[in-house]
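K.L.:
Shown below is the structure under consideration.
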Amino acid sequence: MTSASGDSFPPTLDAREREHLVQVIKDWSIAYGLAVRPPPAVVNNDPDGILAINAPVTLFPSPFPKSCFEEARAIQRAYNELYANISRDEDFLRDIVQEVAGGDDFIANLWNVHLRVKKEGYVQSLALGLFRSDYMVHRDDDGLQIKQVEFNTIASSFGGLSAQTSLLHKHLAQTEYPLLQDSSSVSSLDLPPNESTAGLAAGLKAAYDAYGSATSGHPKCILFLVQPGERNIFDQRHLEYAALRTGVPFVFRLTFPDILARTRIDPADPSRALLYSPPHNPSKTFEAAVTYLRAGYGPGDYQTDDAWEARYHLERSRTIACPTVLTQLAGMKKVQQVLATPSSSELEKFVASRATRDALLRTFTNIFPLDATDAGLEARRLATDQEACQRYVMKPQREGGGNNFYRGAIPEHLKTIPEEHWGSYILMELITPPPVANIILRNGKLEQGGVICELGIYGACVWDQADKDRKLIYNEESGYLLRTKGDQSEEGGVAAGYGCMDSVLLV
Ligand code: ADP
Ligand code: MG
Ligand code: MG
C-alpha cells in the first residue's frame, strides 16, 4: 500500500503550486508529444493547421487497486484468444448479426461485405488484432473486482498517448511532487511501466512479418487508414514512429475517402496484392502488407456507396486487415451480451480451459438482450420502468463514444423506435466504481472533484482464420490506458471531449 489511498488525495495545492504544475505539464506535454490538434472552439484562427495543444490530463496519477490492475493485465491474452476464436466462428457471428441487422443498417452492410468476399474467396486468412479491453472497478460484498465495460476490436485508440501520460506522471513524481507542501500522499508512488506504444507496434510488426514476401515485386509497407482532419493525430503518429523503429521501412497514412483513388488491385494478380502509391510521389508503388484501420468503425465514414466499395476492396485484397470485417463484428456489444448471458454456453465453445472461463466470467457484469426471449422481455420491463432504468445503460452496436443511452433516457429513446428493432440494443448494468478525486487540466483550465476511472488493457495478436487447431501466431498483452472523467459525466471518451488521459497509481 502507498500513502495515496488516504483521504488527503489529491494533495491540496496553493495558487503558486497550481500555476507551476500547470506550466510544467504544458511544456512537458508538447516536448514529448502528449498533444492533440486544437478543437475549433479553442482556436478559431489556425488556417494552416500548425497548432498543437496538450491533451487533457490529470495533474496526478489516479489511485487504482493493484489487484484489479494485475487481474486485468493477466487476463488479456485469454481475451485476445477468445476474440480471435469468435472472429473465426462465422455461424456464431451470423446468428448475432441476424438479430441486430433489422434495426441496424451499418451492421447489415458490414456483413454484406464479408458475404461478397466469401463468395469469390478470401485470399488472406491471416488477421491482426490490436484490441483494448475496458474495465471499471466495481465494489461488491466480496471486495473490489474489475468489470468489463466493453471489448474494442477496431481503432482502439490512445495507445500512443497513454505511454506518454505514464511518463509524464513519472516525471512529475520525480521532480515536482516532492516539492509540494502537501506531498505526503504523493511520495514513493507505485507507478507501473506502460509499454502501450511499443506493444502495439510490435503487433504491427508481427503481422508485417507474417505476411511473407511481396508478390508484386514492390516494397512492402503498412497503411494507416485514418479519418480526414483527425485531431488525435499524435496518438497515431507515436504508433507510426514506433512501427518504423521495429524495422518496418515504410508506413503511410491514407484517409478513408482516398482508398479507391490511391490503392489498387491488379485484376490479373490472383494473389490480389493491395498496391499503394503515395500522392506525393505517384510513380512509386508499395504493397500494403498490413492495413491498420483508425477509421471505418462507424456509419460516419460510410456516407457514400463508394465508401462501402472501398471497404470491400480492402477486405478482398491480400493485405492483413486490422481488423477484418469479421473481427470488427466480433466487437459488437451484442457479442459481449451473449457471452455474459448466464444460460448461454457460448463461452465454452471458444475457451477450452475451465479456469480461464471462470477468470473471464468474473470480469463480466450483467448484460441483457432487449429481444423477445424471456430474458429480453424481462429486460424490456426494466428498461421501460422509470425507476428500474436508473441502474442501466442501453447500447447500440456502435463505437467511438456518444452513442449510449443512460438511465432515464432509456425509456424515452425506446419510445422513438419500433419495438421489433429493440433487439439491436443491449441493456447493461451500470458499474459504480469507488469514489476517487483528482484535478483535470483541459484546454488550460483546471477541473477539480470526483472522478471515474476506466482502465483499458491493450492486446496484440496475429492468427490464421483457417487454422483448425485455433492457435495464435502472436499473442501479447500490450500496455494499458487509464481514462478519467468527472463523476457527473456518463460518457468517458477523451476524443469525444468527455474524458482525459491519466495513469495508474497502484494502491
Ligand atoms: P464506446 O464503444 O462508444 O466507447 P462504451 O461501451 O465504452 O462505448 O461506452 C462509452 C462510455 O460509457 C464508457 O467509456 C463509460 O464511461 C460509459 N459506460 C459504458 N458502459 C458502462 C457501464 N456498464 N457502467 C458504467 N459506465 C459505462
Ligand atoms: Mg468501443
Ligand atoms: Mg468505450
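In the C-alpha cells, chains take letters A, B, ... by order of appearance, with residues numbered from 1 within each chain and ligands from 1 in the order shown.
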Compile the contact shell of Phe250 (chain A) as a list in words: residues with an atom at most 8 Å away, counting only C-alpha atoms, same-chain residues fewer than 6 positions apart removed.
P.N.:
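Listing them by chain and then by number gives Lys220, Cys221, Ile222 and Leu244 of chain A.
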K.L.:
Write a file of the selected residues as a PDB file, in the first residue's frame, keeping N, CA and C atoms.
P.N.:
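This went into selection29.pdb:
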ATOM      1  N   LYS A 220       7.241  -3.740 -49.511  1.00  0.00           N
ATOM      2  CA  LYS A 220       6.093  -3.835 -48.596  1.00  0.00           C
ATOM      3  C   LYS A 220       5.964  -2.559 -47.763  1.00  0.00           C
ATOM      4  N   CYS A 221       4.744  -2.284 -47.307  1.00  0.00           N
ATOM      5  CA  CYS A 221       4.521  -1.161 -46.394  1.00  0.00           C
ATOM      6  C   CYS A 221       3.363  -1.490 -45.455  1.00  0.00           C
ATOM      7  N   ILE A 222       3.193  -0.628 -44.466  1.00  0.00           N
ATOM      8  CA  ILE A 222       1.989  -0.662 -43.622  1.00  0.00           C
ATOM      9  C   ILE A 222       1.186   0.596 -43.932  1.00  0.00           C
ATOM     10  N   LEU A 244       8.019   2.120 -37.266  1.00  0.00           N
ATOM     11  CA  LEU A 244       9.246   2.319 -38.051  1.00  0.00           C
ATOM     12  C   LEU A 244      10.468   1.858 -37.250  1.00  0.00           C
TER      13      LEU A 244
END
K.L.:
At a cut-off of 12 Å around ligand 2, and using only C-alpha atoms and all ligand atoms, what residues come up? Please write them as a PyMOL selection string.
P.N.:
chain A and resi 131-135+148-157+297-298+328-333+336+395-404+456+491-493
K.L.:
Any chance you could list, as a PyMOL selection string, the residues in region 136-212 of chain A that come up helix (DSSP H, G or I) when DSSP is run on the backbone?
P.N.:
chain A and resi 159-175+177-179+184-186+196-210
K.L.:
Take the residues that were just selected and, keeping C-alpha atoms, output them as a compact mmCIF listing (two decimals), in the first residue's frame.
P.N.:
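And here is the file that came out, part35.txt:
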# COMPACT_ATOMS: atom_id res chain seq x y z
CA GLY A 159 -2.05 3.61 -27.01
CA GLY A 160 0.37 6.26 -28.30
CA LEU A 161 -0.62 8.96 -25.82
CA SER A 162 -1.04 6.57 -22.91
CA ALA A 163 2.61 5.60 -22.69
CA GLN A 164 3.45 9.31 -22.71
CA THR A 165 0.98 10.02 -19.90
CA SER A 166 2.62 7.38 -17.73
CA LEU A 167 5.98 9.03 -18.44
CA LEU A 168 4.58 12.48 -17.60
CA HIS A 169 3.35 11.33 -14.21
CA LYS A 170 6.68 9.59 -13.57
CA HIS A 171 8.47 12.80 -14.39
CA LEU A 172 6.24 14.78 -12.03
CA ALA A 173 6.71 12.18 -9.30
CA GLN A 174 10.48 12.59 -9.60
CA THR A 175 10.76 16.33 -9.93
CA TYR A 177 5.51 16.20 -6.27
CA PRO A 178 8.33 16.03 -3.67
CA LEU A 179 8.43 19.86 -3.60
CA SER A 184 2.65 13.09 1.91
CA SER A 185 0.08 11.36 -0.35
CA VAL A 186 2.34 11.51 -3.41
CA SER A 196 1.49 0.58 -24.90
CA THR A 197 3.11 2.26 -27.90
CA ALA A 198 5.87 -0.31 -28.30
CA GLY A 199 3.45 -3.16 -27.60
CA LEU A 200 1.03 -2.18 -30.34
CA ALA A 201 3.90 -1.50 -32.75
CA ALA A 202 5.25 -4.98 -32.04
CA GLY A 203 1.85 -6.34 -33.07
CA LEU A 204 2.00 -4.44 -36.35
CA LYS A 205 5.49 -5.81 -36.95
CA ALA A 206 4.42 -9.39 -36.19
CA ALA A 207 1.67 -9.13 -38.82
CA TYR A 208 4.04 -7.43 -41.28
CA ASP A 209 6.47 -10.37 -40.91
CA ALA A 210 3.71 -13.00 -41.05
K.L.:
In terms of the shortest atom-to-atom distance over only C-alpha atoms and all ligand atoms, which of A:Glu412, A:Glu490, A:Glu230, A:Glu70 is closest to ligand 3?
P.N.:
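Checking each candidate against ligand 3, we get A:Glu490 as the closest.
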K.L.:
Could you check how far CA of Leu472 (chain A) sits from CA of Gly129 (chain A), in Å to one decimal?
P.N.:
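Separation of CA of Leu472 (chain A) and CA of Gly129 (chain A): 10.9 Å.
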